[in-house]
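K.L.:
My file is final_7.cif. It has mmCIF, C-alpha atoms:
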data_coords
loop_
_atom_site.label_atom_id
_atom_site.label_comp_id
_atom_site.auth_asym_id
_atom_site.auth_seq_id
_atom_site.Cartn_x
_atom_site.Cartn_y
_atom_site.Cartn_z
CA MET A 1 102.24 6.14 -49.65
CA ARG A 2 100.44 2.81 -50.14
CA VAL A 3 97.24 2.21 -48.17
CA ILE A 4 96.31 -1.27 -46.91
CA ASP A 5 93.03 -1.98 -45.20
CA LEU A 6 93.56 -4.03 -42.06
CA SER A 7 90.88 -6.50 -43.13
CA GLU A 8 93.48 -7.77 -45.63
CA VAL A 9 95.90 -8.41 -42.78
CA THR A 10 93.26 -10.30 -40.80
CA GLU A 11 92.34 -12.51 -43.75
CA ALA A 12 95.98 -13.17 -44.65
CA ILE A 13 96.90 -14.25 -41.13
CA ALA A 14 93.83 -16.47 -40.83
CA LYS A 15 94.76 -18.30 -44.04
CA LEU A 16 98.41 -18.60 -43.03
CA CYS A 17 97.46 -20.13 -39.65
CA ILE A 18 95.46 -22.83 -41.43
CA ASP A 19 97.99 -23.38 -44.21
CA ALA A 20 100.90 -23.70 -41.78
CA ASN A 21 99.09 -26.31 -39.73
CA TYR A 22 98.06 -28.48 -42.67
CA ASN A 23 100.85 -28.09 -45.21
CA LEU A 24 104.43 -28.78 -44.20
CA PRO A 25 106.77 -26.37 -46.04
CA GLU A 26 108.50 -27.92 -49.05
CA ASP A 27 111.96 -27.26 -47.61
CA VAL A 28 111.11 -29.22 -44.46
CA TYR A 29 109.39 -32.03 -46.38
CA ASN A 30 112.38 -32.40 -48.73
CA ALA A 31 114.80 -32.38 -45.80
CA LEU A 32 112.85 -35.22 -44.20
CA LYS A 33 112.98 -37.21 -47.45
CA GLU A 34 116.74 -36.71 -47.58
CA ALA A 35 116.99 -37.76 -43.93
CA LEU A 36 115.14 -40.98 -44.78
CA GLU A 37 117.86 -41.76 -47.32
CA ARG A 38 120.69 -40.96 -44.88
CA GLU A 39 119.31 -42.65 -41.77
CA LYS A 40 121.16 -45.89 -41.03
CA SER A 41 118.89 -47.26 -38.30
CA PRO A 42 116.00 -49.46 -39.55
CA VAL A 43 113.82 -48.17 -36.72
CA GLY A 44 114.81 -44.58 -37.52
CA LYS A 45 113.93 -45.13 -41.18
CA ALA A 46 110.52 -46.51 -40.21
CA VAL A 47 109.86 -43.49 -38.01
CA LEU A 48 110.80 -41.07 -40.80
CA GLN A 49 108.55 -42.94 -43.22
CA HIS A 50 105.62 -42.51 -40.81
CA ILE A 51 106.44 -38.81 -40.39
CA LEU A 52 106.30 -38.31 -44.16
CA GLU A 53 103.07 -40.29 -44.47
CA ASN A 54 101.56 -38.14 -41.73
CA ALA A 55 102.55 -34.98 -43.62
CA ASP A 56 100.94 -36.37 -46.79
CA LEU A 57 97.67 -37.09 -44.98
CA ALA A 58 97.61 -33.61 -43.46
CA ARG A 59 98.17 -32.06 -46.88
CA GLU A 60 95.10 -33.92 -48.14
CA GLY A 61 93.07 -32.16 -45.45
CA ILE A 62 92.58 -35.20 -43.20
CA ALA A 63 93.80 -33.38 -40.08
CA PRO A 64 96.48 -30.92 -38.96
CA ILE A 65 100.07 -32.20 -39.11
CA CYS A 66 100.20 -32.36 -35.30
CA GLN A 67 97.58 -32.25 -32.55
CA ASP A 68 99.60 -29.39 -31.04
CA CYS A 69 98.66 -26.59 -33.42
CA GLY A 70 101.07 -24.27 -31.70
CA LEU A 71 101.16 -20.85 -30.21
CA ALA A 72 100.97 -18.39 -33.11
CA VAL A 73 104.27 -16.59 -33.64
CA ILE A 74 104.09 -13.83 -36.22
CA PHE A 75 106.89 -11.92 -37.91
CA MET A 76 105.92 -8.75 -39.79
CA GLU A 77 108.18 -6.67 -42.00
CA ILE A 78 106.28 -3.44 -42.64
CA GLY A 79 107.37 -1.13 -45.43
CA GLN A 80 107.89 2.43 -44.22
CA ASP A 81 105.75 3.67 -47.12
CA VAL A 82 102.68 1.72 -45.98
CA ARG A 83 99.74 3.20 -44.11
CA PHE A 84 97.10 0.97 -42.52
CA THR A 85 93.44 1.93 -42.38
CA GLY A 86 90.36 0.40 -40.84
CA GLY A 87 91.36 -0.01 -37.23
CA ASN A 88 94.33 -1.04 -35.11
CA LEU A 89 97.09 -3.29 -36.49
CA LYS A 90 97.45 -5.34 -33.31
CA ASP A 91 93.68 -5.93 -33.15
CA ALA A 92 93.68 -7.04 -36.79
CA ILE A 93 96.46 -9.57 -36.11
CA PHE A 94 94.64 -10.96 -33.07
CA GLU A 95 91.45 -11.34 -35.09
CA GLY A 96 93.34 -13.15 -37.84
CA VAL A 97 94.62 -15.70 -35.34
CA ARG A 98 91.14 -16.17 -33.84
CA LYS A 99 89.59 -16.61 -37.27
CA GLY A 100 92.26 -19.02 -38.52
CA TYR A 101 92.17 -21.28 -35.49
CA ARG A 102 88.37 -21.28 -35.43
CA GLU A 103 87.79 -21.91 -39.14
CA GLY A 104 90.65 -24.39 -39.45
CA TYR A 105 89.43 -26.42 -36.46
CA LEU A 106 92.87 -26.00 -34.92
CA ARG A 107 93.57 -26.73 -31.27
CA LYS A 108 93.61 -23.62 -29.09
CA SER A 109 96.57 -23.85 -26.74
CA THR A 110 96.91 -20.54 -24.91
CA CYS A 111 95.94 -20.57 -21.24
CA HIS A 112 96.39 -18.69 -17.97
CA PRO A 113 99.87 -19.45 -16.62
CA PHE A 114 98.66 -20.64 -13.22
CA THR A 115 94.97 -21.57 -13.34
CA ARG A 116 95.59 -23.22 -16.75
CA ALA A 117 92.17 -21.96 -17.89
CA ASN A 118 92.15 -22.02 -21.70
CA ILE A 119 91.78 -18.60 -23.32
CA GLY A 120 89.64 -20.25 -26.01
CA ASP A 121 90.86 -18.57 -29.19
CA ASN A 122 94.67 -19.08 -29.19
CA THR A 123 95.42 -15.43 -28.47
CA PRO A 124 97.57 -13.59 -27.71
CA PRO A 125 99.99 -14.37 -30.50
CA VAL A 126 103.66 -13.46 -30.19
CA ILE A 127 104.32 -10.63 -32.65
CA HIS A 128 107.66 -9.37 -33.93
CA TYR A 129 107.53 -6.13 -35.94
CA ASP A 130 110.24 -4.70 -38.17
CA ILE A 131 110.09 -1.51 -40.24
CA VAL A 132 111.82 -1.88 -43.60
CA PRO A 133 112.14 0.18 -46.81
CA GLY A 134 109.38 -0.04 -49.41
CA ASP A 135 105.61 -0.26 -49.64
CA LYS A 136 105.05 -3.98 -49.01
CA VAL A 137 104.16 -5.98 -45.93
CA ARG A 138 105.68 -9.42 -45.40
CA ILE A 139 103.87 -11.64 -42.91
CA VAL A 140 105.27 -14.93 -41.64
CA VAL A 141 103.18 -17.17 -39.39
CA ALA A 142 105.19 -19.82 -37.55
CA PRO A 143 103.05 -21.82 -35.09
CA LYS A 144 105.33 -23.15 -32.33
CA GLY A 145 104.50 -26.33 -30.46
CA GLY A 146 105.00 -26.57 -26.71
CA GLY A 147 107.07 -29.76 -26.66
CA SER A 148 109.98 -28.37 -28.63
CA GLU A 149 109.70 -24.88 -27.15
CA ASN A 150 110.03 -26.39 -23.66
CA MET A 151 113.44 -27.76 -24.62
CA SER A 152 114.75 -24.32 -25.61
CA GLN A 153 117.17 -22.34 -23.46
CA VAL A 154 119.08 -19.09 -23.03
CA VAL A 155 122.48 -19.28 -21.35
CA MET A 156 124.56 -16.26 -20.38
CA LEU A 157 128.04 -17.49 -21.18
CA LYS A 158 131.29 -15.78 -20.23
CA PRO A 159 133.07 -13.96 -23.07
CA ALA A 160 136.06 -16.26 -22.52
CA ASP A 161 133.89 -19.27 -23.41
CA GLY A 162 134.06 -18.20 -27.05
CA VAL A 163 132.96 -20.21 -30.05
CA GLU A 164 133.74 -23.55 -28.44
CA GLY A 165 131.60 -22.60 -25.45
CA VAL A 166 128.67 -21.87 -27.75
CA ILE A 167 129.09 -25.16 -29.59
CA GLU A 168 129.37 -27.15 -26.35
CA THR A 169 126.29 -25.42 -24.92
CA VAL A 170 124.17 -26.17 -28.00
CA VAL A 171 125.22 -29.83 -28.23
CA LYS A 172 124.70 -30.34 -24.48
CA ARG A 173 121.20 -28.85 -24.65
CA VAL A 174 120.21 -31.14 -27.53
CA ASP A 175 121.66 -34.13 -25.67
CA GLU A 176 119.68 -33.23 -22.53
CA ALA A 177 116.50 -32.75 -24.58
CA GLY A 178 116.76 -36.25 -26.04
CA GLY A 179 113.57 -37.35 -27.74
CA ASN A 180 111.35 -34.76 -26.03
CA PRO A 181 111.31 -32.21 -28.88
CA CYS A 182 110.25 -34.87 -31.43
CA PRO A 183 113.37 -35.17 -33.58
CA PRO A 184 114.65 -34.89 -36.21
CA ILE A 185 114.86 -31.30 -35.04
CA ILE A 186 115.94 -27.99 -36.47
CA VAL A 187 118.10 -26.02 -34.06
CA GLY A 188 118.04 -22.24 -34.07
CA VAL A 189 121.02 -20.64 -32.35
CA GLY A 190 121.22 -16.94 -31.53
CA VAL A 191 124.22 -15.06 -30.18
CA GLY A 192 123.95 -11.31 -29.94
CA GLY A 193 122.83 -8.23 -28.09
CA THR A 194 121.16 -9.02 -24.80
CA PHE A 195 119.27 -11.89 -23.17
CA GLU A 196 116.06 -11.26 -25.14
CA ARG A 197 117.78 -10.36 -28.41
CA SER A 198 119.64 -13.66 -28.51
CA ALA A 199 116.33 -15.50 -28.03
CA PHE A 200 114.76 -13.56 -30.89
CA LEU A 201 117.70 -14.36 -33.18
CA ALA A 202 117.41 -18.06 -32.35
CA LYS A 203 113.68 -18.07 -33.14
CA LYS A 204 114.15 -16.07 -36.35
CA ALA A 205 116.90 -18.47 -37.46
CA LEU A 206 114.28 -21.22 -37.69
CA LEU A 207 112.62 -19.37 -40.59
CA ARG A 208 115.59 -19.87 -42.89
CA PRO A 209 115.06 -22.59 -45.53
CA VAL A 210 116.17 -25.86 -43.94
CA GLY A 211 119.85 -26.50 -44.46
CA LYS A 212 120.57 -23.19 -46.20
CA PRO A 213 123.87 -22.09 -44.63
CA ASN A 214 124.48 -18.70 -43.14
CA PRO A 215 126.03 -16.45 -45.83
CA ASP A 216 128.97 -15.80 -43.50
CA VAL A 217 131.45 -18.59 -44.27
CA GLU A 218 132.78 -18.84 -40.71
CA ILE A 219 129.29 -18.99 -39.18
CA ALA A 220 128.31 -21.61 -41.77
CA ARG A 221 131.32 -23.67 -40.68
CA ILE A 222 130.17 -23.47 -37.05
CA GLU A 223 126.66 -24.54 -38.10
CA GLN A 224 128.07 -27.58 -39.84
CA GLU A 225 130.25 -28.53 -36.86
CA MET A 226 127.29 -28.29 -34.48
CA LEU A 227 125.12 -30.37 -36.83
CA GLU A 228 127.74 -33.11 -37.12
CA ARG A 229 128.25 -33.28 -33.37
CA ILE A 230 124.50 -33.36 -32.71
CA ASN A 231 123.97 -36.19 -35.18
CA LYS A 232 126.70 -38.20 -33.47
CA LEU A 233 124.66 -38.20 -30.24
CA GLY A 234 122.62 -41.14 -31.53
CA ILE A 235 119.23 -39.80 -30.37
CA GLY A 236 117.68 -40.38 -33.79
CA PRO A 237 114.13 -39.86 -35.10
CA MET A 238 111.64 -39.44 -32.23
CA GLY A 239 114.39 -40.51 -29.82
CA TRP A 240 114.41 -44.14 -30.98
CA GLY A 241 118.08 -44.04 -31.91
CA GLY A 242 119.73 -43.33 -35.22
CA THR A 243 122.04 -41.13 -37.21
CA VAL A 244 119.67 -38.24 -37.97
CA THR A 245 118.84 -36.29 -34.82
CA ALA A 246 118.82 -32.86 -36.49
CA LEU A 247 117.98 -31.78 -40.02
CA ALA A 248 119.88 -28.51 -39.67
CA VAL A 249 121.45 -25.99 -37.33
CA HIS A 250 120.82 -22.35 -38.18
CA PHE A 251 123.03 -19.83 -36.37
CA GLU A 252 122.44 -16.07 -36.33
CA MET A 253 124.93 -13.69 -34.71
CA GLU A 254 125.12 -9.99 -33.82
CA PRO A 255 127.49 -7.87 -31.71
CA VAL A 256 127.18 -8.20 -27.94
CA HIS A 257 128.09 -6.16 -24.86
CA ILE A 258 131.80 -6.39 -24.00
CA ALA A 259 130.95 -8.17 -20.74
CA SER A 260 128.45 -10.67 -22.16
CA LEU A 261 128.03 -13.69 -24.43
CA PRO A 262 124.30 -14.55 -24.48
CA CYS A 263 123.58 -17.83 -26.27
CA ALA A 264 120.02 -18.90 -27.10
CA ILE A 265 118.99 -22.31 -28.37
CA ASN A 266 115.52 -22.55 -29.88
CA ILE A 267 114.60 -26.09 -30.89
CA ASN A 268 111.93 -26.90 -33.45
CA CYS A 269 110.45 -30.35 -33.91
CA HIS A 270 110.19 -32.03 -37.31
CA VAL A 271 106.86 -30.23 -37.77
CA ALA A 272 108.70 -26.99 -38.55
CA ARG A 273 105.73 -24.88 -39.60
CA HIS A 274 106.18 -21.52 -41.31
CA LYS A 275 104.12 -19.90 -44.06
CA GLU A 276 104.34 -16.40 -45.47
CA ILE A 277 102.67 -13.87 -47.73
CA ILE A 278 103.58 -10.45 -49.11
CA LEU A 279 100.81 -7.87 -49.26
#
Take the structure in the file and write it out as structure tokens.

P.N.:
Amino acid sequence: MRVIDLSEVTEAIAKLCIDANYNLPEDVYNALKEALEREKSPVGKAVLQHILENADLAREGIAPICQDCGLAVIFMEIGQDVRFTGGNLKDAIFEGVRKGYREGYLRKSTCHPFTRANIGDNTPPVIHYDIVPGDKVRIVVAPKGGGSENMSQVVMLKPADGVEGVIETVVKRVDEAGGNPCPPIIVGVGVGGTFERSAFLAKKALLRPVGKPNPDVEIARIEQEMLERINKLGIGPMGWGGTVTALAVHFEMEPVHIASLPCAININCHVARHKEIIL
């Protein structure tokens, strides 16, 4: 049994919150550079060039990549041979978010749903736990901006809608979203389980390295078809028109109830933030 003091968890999450908001992941940065080469619209190219310049400035510590520093979404894979000491795990995670957003001078965006009074420390985070074999703890912090999250959707399709129904639903949602989610976007698609499980799968799909296909050949084919159809919409970078509306479509699938076909679409903007550490 490996023992981890929860102060390590707090410090790790604080650093990840700051790192994610200042340093665009290499996979995303490289995908944007490739998009700049592929984009056929002069205006779209100019927009992508500005996006890359902005990422460079943020990396130099000038300011966060985006003024929307996101609601903290945290994925934790906890080895079954790990025991935490020094308090409560949930409290340690909350404190890590508070510390990271305070010390990184990051915008705090959580508020009361109706009064809109700001909570002041960007808590509560959204936390997804998973118990896995081993004695390590993997922590992924993926701050999610409101603009792209607002364009996301869960649709309860009929089983008869099938694969084509899923593809049509995803492409339609992206078309309706237009420039609102700050394209070029990454589209997470989840089909599986129940209403909430499909939404989780769509969010988790966004953590995959950009453009890395699903290991299932048939699902990878569906991803590619959705990507091609989305990029034919002509929305382009930041909605100004062009040939690159999405950098990738990542599709995750699990079995569903015999009467259901839940389909979740979780859209991420070009500031696709995710940083991780293994303790």

K.L.:
Measure the distance from atom CA of Ile119 of chain A to atom CA of Ala63 of chain A in Å and round it to one decimal.

P.N.:
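Atom-to-atom, atom CA of Ile119 of chain A and atom CA of Ala63 of chain A are spaced 22.4 Å apart.
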
K.L.:
I need the residue nearest Glu11 of chain A from this list: A:Val187, A:Ile93, A:Ile278, A:Met226. Use all atoms listed in the file for the distance.

P.N.:
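Residue with the minimum atom-to-atom distance to Glu11 of chain A: A:Ile93.
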
K.L.:
Env of Lys15 of chain A: 9 Å cut, atoms = only C-alpha atoms, seq-sep filter 3 positions within chain, self excluded. Answer as a list of chain:residue names.

P.N.:
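Residues near the query, excluding close chain neighbours: A:Thr10, A:Glu11, A:Ala12, A:Ile18, A:Asp19, A:Ala20, A:Gly96, A:Lys99, A:Gly100, A:Gly104.
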
K.L.:
Pick the closest to Trp240 of chain A from A:Val132, A:Cys182, A:Ile219, A:Val28: which is it, counting only C-alpha atoms?

P.N.:
A:Cys182

K.L.:
Please identify all polymer residues within 9 Å of segment 65-74 of chain A, counting all atoms listed in the file, omitting same-chain residues fewer than 5 positions from it, and present them as a PyMOL selection string.

P.N.:
chain A and resi 13+17+20-24+54-59+93+97+101+106-110+122-129+139-147+271

K.L.:
Could you take the residues named above and write them with C-alpha atoms, as a PDB file, in the coordinates of the input?

P.N.:
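Heads up, here's the output in out-v3.pdb:
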ATOM      1  CA  ILE A  13      96.900 -14.250 -41.130  1.00  0.00           C
ATOM      2  CA  CYS A  17      97.460 -20.130 -39.650  1.00  0.00           C
ATOM      3  CA  ALA A  20     100.900 -23.700 -41.780  1.00  0.00           C
ATOM      4  CA  ASN A  21      99.090 -26.310 -39.730  1.00  0.00           C
ATOM      5  CA  TYR A  22      98.060 -28.480 -42.670  1.00  0.00           C
ATOM      6  CA  ASN A  23     100.850 -28.090 -45.210  1.00  0.00           C
ATOM      7  CA  LEU A  24     104.430 -28.780 -44.200  1.00  0.00           C
ATOM      8  CA  ASN A  54     101.560 -38.140 -41.730  1.00  0.00           C
ATOM      9  CA  ALA A  55     102.550 -34.980 -43.620  1.00  0.00           C
ATOM     10  CA  ASP A  56     100.940 -36.370 -46.790  1.00  0.00           C
ATOM     11  CA  LEU A  57      97.670 -37.090 -44.980  1.00  0.00           C
ATOM     12  CA  ALA A  58      97.610 -33.610 -43.460  1.00  0.00           C
ATOM     13  CA  ARG A  59      98.170 -32.060 -46.880  1.00  0.00           C
ATOM     14  CA  ILE A  93      96.460  -9.570 -36.110  1.00  0.00           C
ATOM     15  CA  VAL A  97      94.620 -15.700 -35.340  1.00  0.00           C
ATOM     16  CA  TYR A 101      92.170 -21.280 -35.490  1.00  0.00           C
ATOM     17  CA  LEU A 106      92.870 -26.000 -34.920  1.00  0.00           C
ATOM     18  CA  ARG A 107      93.570 -26.730 -31.270  1.00  0.00           C
ATOM     19  CA  LYS A 108      93.610 -23.620 -29.090  1.00  0.00           C
ATOM     20  CA  SER A 109      96.570 -23.850 -26.740  1.00  0.00           C
ATOM     21  CA  THR A 110      96.910 -20.540 -24.910  1.00  0.00           C
ATOM     22  CA  ASN A 122      94.670 -19.080 -29.190  1.00  0.00           C
ATOM     23  CA  THR A 123      95.420 -15.430 -28.470  1.00  0.00           C
ATOM     24  CA  PRO A 124      97.570 -13.590 -27.710  1.00  0.00           C
ATOM     25  CA  PRO A 125      99.990 -14.370 -30.500  1.00  0.00           C
ATOM     26  CA  VAL A 126     103.660 -13.460 -30.190  1.00  0.00           C
ATOM     27  CA  ILE A 127     104.320 -10.630 -32.650  1.00  0.00           C
ATOM     28  CA  HIS A 128     107.660  -9.370 -33.930  1.00  0.00           C
ATOM     29  CA  TYR A 129     107.530  -6.130 -35.940  1.00  0.00           C
ATOM     30  CA  ILE A 139     103.870 -11.640 -42.910  1.00  0.00           C
ATOM     31  CA  VAL A 140     105.270 -14.930 -41.640  1.00  0.00           C
ATOM     32  CA  VAL A 141     103.180 -17.170 -39.390  1.00  0.00           C
ATOM     33  CA  ALA A 142     105.190 -19.820 -37.550  1.00  0.00           C
ATOM     34  CA  PRO A 143     103.050 -21.820 -35.090  1.00  0.00           C
ATOM     35  CA  LYS A 144     105.330 -23.150 -32.330  1.00  0.00           C
ATOM     36  CA  GLY A 145     104.500 -26.330 -30.460  1.00  0.00           C
ATOM     37  CA  GLY A 146     105.000 -26.570 -26.710  1.00  0.00           C
ATOM     38  CA  GLY A 147     107.070 -29.760 -26.660  1.00  0.00           C
ATOM     39  CA  VAL A 271     106.860 -30.230 -37.770  1.00  0.00           C
TER      40      VAL A 271
END
